[in-house]
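File shown here: model.tsv, holding TSV, C-alpha atoms.
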```tsv
chain	number	residue	atom	x	y	z
A	1	MET	CA	115.22	91.03	122.60
A	2	VAL	CA	117.77	93.81	122.24
A	3	LYS	CA	120.18	91.35	120.72
A	4	TYR	CA	117.51	90.20	118.28
A	5	GLN	CA	116.87	93.81	117.31
A	6	GLU	CA	120.58	94.46	116.79
A	7	GLN	CA	120.77	91.42	114.57
A	8	LEU	CA	117.87	92.74	112.50
A	9	ASP	CA	119.55	96.12	112.19
A	10	ARG	CA	122.75	94.49	110.99
A	11	THR	CA	120.88	92.32	108.51
A	12	PHE	CA	118.98	95.23	107.00
A	13	ALA	CA	122.07	97.46	106.99
A	14	ALA	CA	123.99	94.76	105.13
A	15	LEU	CA	121.18	94.47	102.57
A	16	VAL	CA	121.17	98.19	101.81
A	17	ASP	CA	124.13	97.92	99.46
A	18	PRO	CA	123.54	96.66	95.86
A	19	THR	CA	126.97	95.01	95.58
A	20	ARG	CA	126.33	93.05	98.74
A	21	ARG	CA	122.92	92.02	97.46
A	22	ALA	CA	124.52	90.86	94.21
A	23	ILE	CA	127.01	88.80	96.21
A	24	LEU	CA	124.23	87.21	98.27
A	25	ALA	CA	122.16	86.48	95.16
A	26	ARG	CA	125.15	84.81	93.57
A	27	LEU	CA	125.84	82.73	96.68
A	28	GLU	CA	122.23	81.68	96.61
A	29	ARG	CA	122.70	80.28	93.07
A	30	GLU	CA	126.11	78.73	93.64
A	31	ASP	CA	126.67	76.77	96.79
A	32	GLY	CA	129.90	78.46	97.81
A	33	ALA	CA	132.35	80.59	95.82
A	34	SER	CA	135.91	81.74	96.33
A	35	VAL	CA	136.65	85.40	97.04
A	36	SER	CA	138.41	85.84	93.72
A	37	GLU	CA	135.46	84.28	91.86
A	38	LEU	CA	133.16	86.72	93.62
A	39	ALA	CA	135.36	89.64	92.63
A	40	LYS	CA	135.38	88.72	88.92
A	41	PRO	CA	131.97	89.96	87.76
A	42	CYS	CA	132.08	92.97	90.07
A	43	ALA	CA	133.24	96.21	88.58
A	44	ILE	CA	135.10	96.82	91.82
A	45	LYS	CA	138.50	95.86	93.10
A	46	LEU	CA	139.26	92.90	95.30
A	47	PRO	CA	139.91	94.96	98.47
A	48	ALA	CA	136.45	96.53	98.12
A	49	VAL	CA	134.89	93.08	97.74
A	50	MET	CA	136.74	92.02	100.88
A	51	LYS	CA	135.20	94.94	102.76
A	52	HIS	CA	131.71	93.98	101.61
A	53	LEU	CA	132.37	90.41	102.69
A	54	ASP	CA	133.39	91.71	106.13
A	55	VAL	CA	130.05	93.49	106.48
A	56	LEU	CA	128.14	90.40	105.37
A	57	ALA	CA	130.13	88.21	107.74
A	58	ASP	CA	129.56	90.61	110.67
A	59	ALA	CA	125.84	90.41	109.96
A	60	GLY	CA	126.14	86.63	109.99
A	61	LEU	CA	124.87	86.41	106.41
A	62	ILE	CA	127.88	84.52	105.09
A	63	THR	CA	130.56	82.18	106.40
A	64	ARG	CA	134.16	82.06	105.16
A	65	SER	CA	136.36	79.00	105.30
A	66	LYS	CA	139.97	78.84	104.26
A	67	VAL	CA	141.59	75.83	102.66
A	68	GLY	CA	145.19	76.48	101.65
A	69	ARG	CA	145.15	79.86	99.94
A	70	VAL	CA	141.53	79.71	98.84
A	71	VAL	CA	138.82	81.34	100.94
A	72	THR	CA	135.39	79.89	100.18
A	73	VAL	CA	132.35	81.99	100.92
A	74	ARG	CA	128.95	80.47	101.68
A	75	LEU	CA	125.51	81.84	102.42
A	76	ALA	CA	124.30	81.55	106.02
A	77	PRO	CA	120.52	81.69	105.92
A	78	GLU	CA	119.51	82.11	109.57
A	79	PRO	CA	119.70	85.94	109.97
A	80	MET	CA	117.82	86.37	106.70
A	81	ARG	CA	115.15	84.00	107.91
A	82	GLU	CA	114.80	86.07	111.07
A	83	ALA	CA	114.54	89.25	109.00
A	84	MET	CA	111.79	87.71	106.91
A	85	ASP	CA	109.97	86.43	109.98
A	86	TRP	CA	110.07	89.95	111.32
A	87	LEU	CA	108.55	91.30	108.12
A	88	ARG	CA	105.97	88.53	108.18
A	89	ARG	CA	104.77	88.98	111.71
A	90	TYR	CA	102.22	91.45	110.44
A	91	GLU	CA	100.99	88.94	107.93
A	92	ARG	CA	100.51	86.37	110.67
A	93	PHE	CA	98.80	88.92	112.86
A	94	TRP	CA	96.34	90.21	110.28
A	95	SER	CA	95.67	87.03	108.42
A	96	SER	CA	94.37	85.25	111.47
A	97	SER	CA	92.67	88.39	112.85
A	98	LEU	CA	90.76	88.92	109.60
A	99	ASP	CA	89.66	85.28	109.52
A	100	ARG	CA	88.13	85.72	112.93
A	101	LEU	CA	86.67	89.09	111.98
A	102	ALA	CA	84.95	87.39	109.03
A	103	ALA	CA	83.55	84.65	111.27
A	104	TYR	CA	82.28	87.25	113.74
A	105	ALA	CA	80.63	89.43	111.06
A	106	GLU	CA	79.02	86.37	109.48
A	107	GLY	CA	77.63	85.39	112.88
A	108	LYS	CA	76.13	88.87	113.29
A	109	GLU	CA	74.68	88.65	109.81
A	110	SER	CA	72.94	85.35	110.62
A	111	GLU	CA	71.51	86.86	113.81
A	112	MET	CA	70.10	89.77	111.84
A	113	GLN	CA	68.57	87.47	109.25
A	114	GLU	CA	66.95	85.45	112.05
A	115	GLU	CA	65.46	88.64	113.45
A	116	ASP	CA	64.19	89.69	110.03
A	117	ARG	CA	62.21	86.48	109.71
B	1	MET	CA	107.16	93.12	101.43
B	2	THR	CA	107.06	96.38	103.29
B	3	SER	CA	103.35	96.60	102.78
B	4	LEU	CA	100.83	93.87	103.25
B	5	THR	CA	97.56	93.42	101.37
B	6	LEU	CA	94.97	90.81	102.24
B	7	VAL	CA	91.55	90.24	100.68
B	8	ARG	CA	88.66	88.44	102.35
B	9	ARG	CA	85.19	87.68	101.04
B	10	ILE	CA	82.76	87.74	103.90
B	11	ARG	CA	79.14	86.55	103.95
B	12	ALA	CA	77.85	89.64	105.72
B	13	ARG	CA	76.70	93.04	104.57
B	14	PRO	CA	79.34	95.83	104.57
B	15	SER	CA	77.76	97.68	107.51
B	16	ASN	CA	78.08	94.57	109.69
B	17	VAL	CA	81.70	94.14	108.69
B	18	PHE	CA	82.38	97.81	109.30
B	19	ASP	CA	80.86	97.62	112.78
B	20	ALA	CA	82.85	94.50	113.58
B	21	LEU	CA	85.97	96.44	112.65
B	22	THR	CA	85.21	99.52	114.68
B	23	THR	CA	83.15	98.72	117.78
B	24	PRO	CA	84.84	97.60	121.02
B	25	GLU	CA	82.42	94.61	121.22
B	26	GLY	CA	83.39	93.58	117.71
B	27	ILE	CA	87.11	94.11	118.16
B	28	ALA	CA	87.09	92.08	121.38
B	29	CYS	CA	85.97	89.06	119.33
B	30	TRP	CA	88.62	88.96	116.64
B	31	TRP	CA	91.65	91.16	117.26
B	32	GLY	CA	94.96	89.34	117.67
B	33	PRO	CA	96.99	86.62	115.99
B	34	ASP	CA	95.72	83.69	118.08
B	35	ASP	CA	92.86	82.81	120.42
B	36	GLY	CA	94.27	84.80	123.33
B	37	PRO	CA	91.88	87.38	124.84
B	38	VAL	CA	91.47	91.04	124.01
B	39	LEU	CA	92.05	92.83	127.33
B	40	LEU	CA	91.02	96.29	126.32
B	41	ALA	CA	89.37	97.87	123.29
B	42	GLU	CA	88.62	101.56	123.02
B	43	THR	CA	87.47	103.35	119.89
B	44	ASP	CA	86.56	106.96	119.28
B	45	LEU	CA	85.22	106.49	115.79
B	46	ARG	CA	85.63	109.83	114.05
B	47	VAL	CA	88.36	111.42	111.99
B	48	GLY	CA	91.04	112.44	114.49
B	49	GLY	CA	89.61	110.11	117.15
B	50	ARG	CA	91.85	107.42	118.62
B	51	TYR	CA	91.65	103.70	119.19
B	52	ARG	CA	93.59	101.49	121.55
B	53	VAL	CA	93.58	97.72	121.74
B	54	ARG	CA	95.45	95.49	124.16
B	55	PHE	CA	95.54	91.73	123.81
B	56	ARG	CA	97.22	88.74	125.36
B	57	MET	CA	98.59	85.95	123.22
B	58	LEU	CA	98.41	82.27	124.15
B	59	ASP	CA	102.11	82.39	125.03
B	60	GLY	CA	101.20	84.90	127.77
B	61	SER	CA	102.78	87.94	126.12
B	62	GLU	CA	100.72	91.12	126.04
B	63	HIS	CA	100.73	93.63	123.22
B	64	GLU	CA	99.05	96.93	122.66
B	65	SER	CA	98.53	98.90	119.50
B	66	SER	CA	96.95	102.26	119.07
B	67	GLY	CA	96.50	105.00	116.56
B	68	GLU	CA	94.27	107.62	115.07
B	69	TYR	CA	91.35	107.27	112.68
B	70	LEU	CA	92.26	109.12	109.49
B	71	GLU	CA	89.24	108.30	107.35
B	72	VAL	CA	85.89	107.03	108.54
B	73	VAL	CA	83.33	106.39	105.80
B	74	ARG	CA	80.80	103.86	107.02
B	75	PRO	CA	80.40	101.28	105.55
B	76	GLU	CA	82.98	101.64	102.78
B	77	ARG	CA	86.30	102.77	104.02
B	78	LEU	CA	88.42	103.06	107.12
B	79	ALA	CA	91.97	104.36	107.44
B	80	MET	CA	93.95	104.56	110.64
B	81	SER	CA	97.48	105.05	111.80
B	82	TRP	CA	99.04	102.17	113.69
B	83	ARG	CA	101.74	101.93	116.28
B	84	TRP	CA	102.79	99.21	118.71
B	85	ALA	CA	102.91	100.64	122.20
B	86	GLY	CA	106.27	100.78	123.93
B	87	GLY	CA	109.17	98.39	123.86
B	88	GLU	CA	112.26	98.42	121.74
B	89	GLU	CA	110.37	96.57	119.03
B	90	ASP	CA	108.56	99.78	118.10
B	91	PRO	CA	109.14	100.18	114.38
B	92	GLY	CA	107.37	103.53	114.23
B	93	GLU	CA	104.05	104.49	112.81
B	94	SER	CA	102.41	102.69	109.93
B	95	LEU	CA	99.11	102.93	108.05
B	96	VAL	CA	96.14	100.58	107.96
B	97	GLU	CA	93.53	101.02	105.21
B	98	ILE	CA	90.41	98.93	104.80
B	99	GLU	CA	88.03	99.05	101.83
B	100	LEU	CA	84.67	97.30	101.96
B	101	ARG	CA	82.89	96.60	98.70
B	102	ALA	CA	79.40	95.15	98.46
B	103	ILE	CA	79.36	91.96	96.39
B	104	ALA	CA	76.59	89.43	95.73
B	105	GLU	CA	77.62	87.16	98.59
B	106	GLY	CA	78.19	90.00	101.03
B	107	THR	CA	81.39	92.02	101.32
B	108	GLU	CA	84.80	91.99	99.77
B	109	LEU	CA	87.26	93.36	102.29
B	110	THR	CA	90.60	94.66	101.05
B	111	PHE	CA	93.05	95.24	103.84
B	112	THR	CA	96.35	97.08	103.40
B	113	HIS	CA	98.98	97.70	106.04
B	114	SER	CA	101.74	99.91	104.66
B	115	GLY	CA	104.77	101.72	105.96
B	116	LEU	CA	105.80	98.64	107.90
B	117	ASP	CA	109.46	99.39	107.66
B	118	ASN	CA	111.67	101.59	109.73
B	119	GLU	CA	113.81	104.16	107.94
B	120	GLU	CA	116.62	101.74	107.36
B	121	THR	CA	114.53	99.13	105.64
B	122	ARG	CA	112.66	101.81	103.73
B	123	ARG	CA	115.93	103.01	102.22
B	124	SER	CA	116.99	99.55	101.31
B	125	HIS	CA	113.54	98.91	99.87
B	126	GLU	CA	113.83	101.94	97.65
B	127	GLU	CA	117.12	100.67	96.41
B	128	GLY	CA	115.32	97.56	95.38
B	129	TRP	CA	116.45	94.68	97.51
B	130	ASN	CA	113.00	93.21	97.33
B	131	GLY	CA	113.87	91.10	94.29
B	132	ALA	CA	117.00	89.79	95.91
B	133	LEU	CA	115.11	89.01	99.06
B	134	ASP	CA	112.45	87.13	97.11
B	135	LYS	CA	115.09	84.96	95.51
B	136	LEU	CA	116.72	84.29	98.84
B	137	GLU	CA	113.33	83.54	100.27
B	138	ARG	CA	112.83	80.78	97.70
B	139	HIS	CA	116.18	79.40	98.68
B	140	PHE	CA	115.30	79.34	102.36
B	141	LEU	CA	111.92	77.82	101.74
B	142	ALA	CA	113.59	75.07	99.76
B	143	THR	CA	116.13	74.64	102.56
B	144	SER	CA	113.52	74.41	105.27
B	145	GLU	CA	111.54	71.88	103.22
B	146	ARG	CA	114.64	69.77	102.92
B	147	SER	CA	115.45	70.02	106.59
B	148	SER	CA	111.92	69.11	107.63
B	149	LEU	CA	112.07	65.83	105.71
```
Can the structure from this file be put into structure tokens for me?
Amino acid sequence: MVKYQEQLDRTFAALVDPTRRAILARLEREDGASVSELAKPCAIKLPAVMKHLDVLADAGLITRSKVGRVVTVRLAPEPMREAMDWLRRYERFWSSSLDRLAAYAEGKESEMQEEDR
Amino acid sequence: MTSLTLVRRIRARPSNVFDALTTPEGIACWWGPDDGPVLLAETDLRVGGRYRVRFRMLDGSEHESSGEYLEVVRPERLAMSWRWAGGEEDPGESLVEIELRAIAEGTELTFTHSGLDNEETRRSHEEGWNGALDKLERHFLATSERSSL
């Protein structure tokens, strides 16, 4: 559980930065991009992009593979999925609780209407 | 995504819905994400009073949440603070607000749970990663649909 929590912390920490979010959004559109391609639209220098990629890789959000001199970066969805599941656990909790609340209140209502008759 | 709003239309008058939300007998019948039992339900229904609910899920895990009633206006409105008890999962305190509106068929319940994020995610939320996350979410949904085929 601690490990899971650490993973969440890393995921959210990685998502704090707008450049990193832009990189992730781009990788979502294009299935894999080279580091130099990723650096092109950024108003920042290649070494800074490399640092951002390190953070994303540490968080497990991307994978890097090297063929010759070209490093290809790809999105790794699993940690993001876990982060979203974490955010959604409340939705699961309340959605099913409220359904049962509604059923219970409707049962009470019927009882009262029986009594009124 | 850091707050959650749900709306339910319920065929019962607002006072019945309000009582289901706030009495231990009522809470024992619906609280929790699955059909596991509510083990304990205590409510001190007044502003500043506290509630505490413990439940067991079907997987055997037990969870407890508690908080303070912040607004109690029967049968229209209820606001309470919310915190999971103990454990390293504790994301801090959040806010639950429930509005009950009388409609022809009974009650429209609007439920909001806000402040669901810890400080870290709150910061990132303010910086607007929601949009990016939504896009990624679509991607993952598409991926999981593919993989389930």
Report the distance between CA of Thr22 (chain B) and CA of Leu45 (chain B) in Å, rounded to one decimal place.
-> 7.1 Å
Residue neighbourhood Gly115 (chain B), 8 Å, all atoms listed in the file, exclusion window fewer than 6 positions, as a PyMOL selection string | chain B and resi 2-3+93-95
At a cut-off of 6 Å, list the chain B residues touching chain A, using all atoms listed in the file, as a VMD selection string.
-> chain B and resid 10 to 12 16 to 17 30 to 33 124
Work out how far CA of Glu111 (chain A) is from CA of Leu100 (chain B), in Å to one decimal.
->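 Straight-line distance from CA of Leu100 (chain B) to CA of Glu111 (chain A) works out to 20.6 Å.
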Please indicate the distance in Å from CA of His63 (chain B) to CA of Pro75 (chain B), rounded to one decimal place.
->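 CA of Pro75 (chain B) lies at a distance of 28.0 Å from CA of His63 (chain B).
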Fewer than 3 positions away in the same chain doesn't count, so skip those; otherwise give me all residues within 7 Å of Glu99 (chain B), counting only C-alpha atoms, as a JSON list (two decimals) with C-alpha atoms, keeping the file's coordinate frame.
```json
[["chain", "number", "residue", "atom", "x", "y", "z"],
["B", 76, "GLU", "CA", 82.98, 101.64, 102.78],
["B", 77, "ARG", "CA", 86.30, 102.77, 104.02],
["B", 78, "LEU", "CA", 88.42, 103.06, 107.12],
["B", 109, "LEU", "CA", 87.26, 93.36, 102.29],
["B", 110, "THR", "CA", 90.60, 94.66, 101.05],
["B", 111, "PHE", "CA", 93.05, 95.24, 103.84]]
```
Write out as a ChimeraX atom specification the residues lying within 10 Å of Arg54 (chain B), counting all atoms listed in the file and excluding same-chain residues fewer than 5 positions away.
-> /B:28,31-32,37-42,62-66,84-85
For the residues selected in the previous step, produce a file with C-alpha atoms as a short mmCIF file (atom, residue, chain, number, x, y, z; two decimals), in the frame of the given file.
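Just written: again_29.cif:
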```
data_model
loop_
_atom_site.label_atom_id
_atom_site.label_comp_id
_atom_site.auth_asym_id
_atom_site.auth_seq_id
_atom_site.Cartn_x
_atom_site.Cartn_y
_atom_site.Cartn_z
CA ALA B 28 87.09 92.08 121.38
CA TRP B 31 91.65 91.16 117.26
CA GLY B 32 94.96 89.34 117.67
CA PRO B 37 91.88 87.38 124.84
CA VAL B 38 91.47 91.04 124.01
CA LEU B 39 92.05 92.83 127.33
CA LEU B 40 91.02 96.29 126.32
CA ALA B 41 89.37 97.87 123.29
CA GLU B 42 88.62 101.56 123.02
CA GLU B 62 100.72 91.12 126.04
CA HIS B 63 100.73 93.63 123.22
CA GLU B 64 99.05 96.93 122.66
CA SER B 65 98.53 98.90 119.50
CA SER B 66 96.95 102.26 119.07
CA TRP B 84 102.79 99.21 118.71
CA ALA B 85 102.91 100.64 122.20
#
```
For each of A:Glu114, A:Pro41, A:Pro79, A:Val35, take the minimum atom-to-atom distance to Asp58 (chain A), counting only C-alpha atoms, then give the residue where this is smallest.
-> A:Pro79
Between A:Gly32, A:Arg117, A:Glu82, A:Arg20, which has the minimum distance to Asp54 (chain A) (counting all atoms listed in the file)?
->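 Of A:Gly32, A:Arg117, A:Glu82, A:Arg20, the one nearest Asp54 (chain A) is A:Arg20, counting all atoms listed in the file.
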Between A:Val55, A:Val49, A:Asp85, A:Thr19, which has the minimum distance to Ser34 (chain A) (counting only C-alpha atoms)?
->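 Counting only C-alpha atoms, the residue closest to Ser34 (chain A) is A:Val49.
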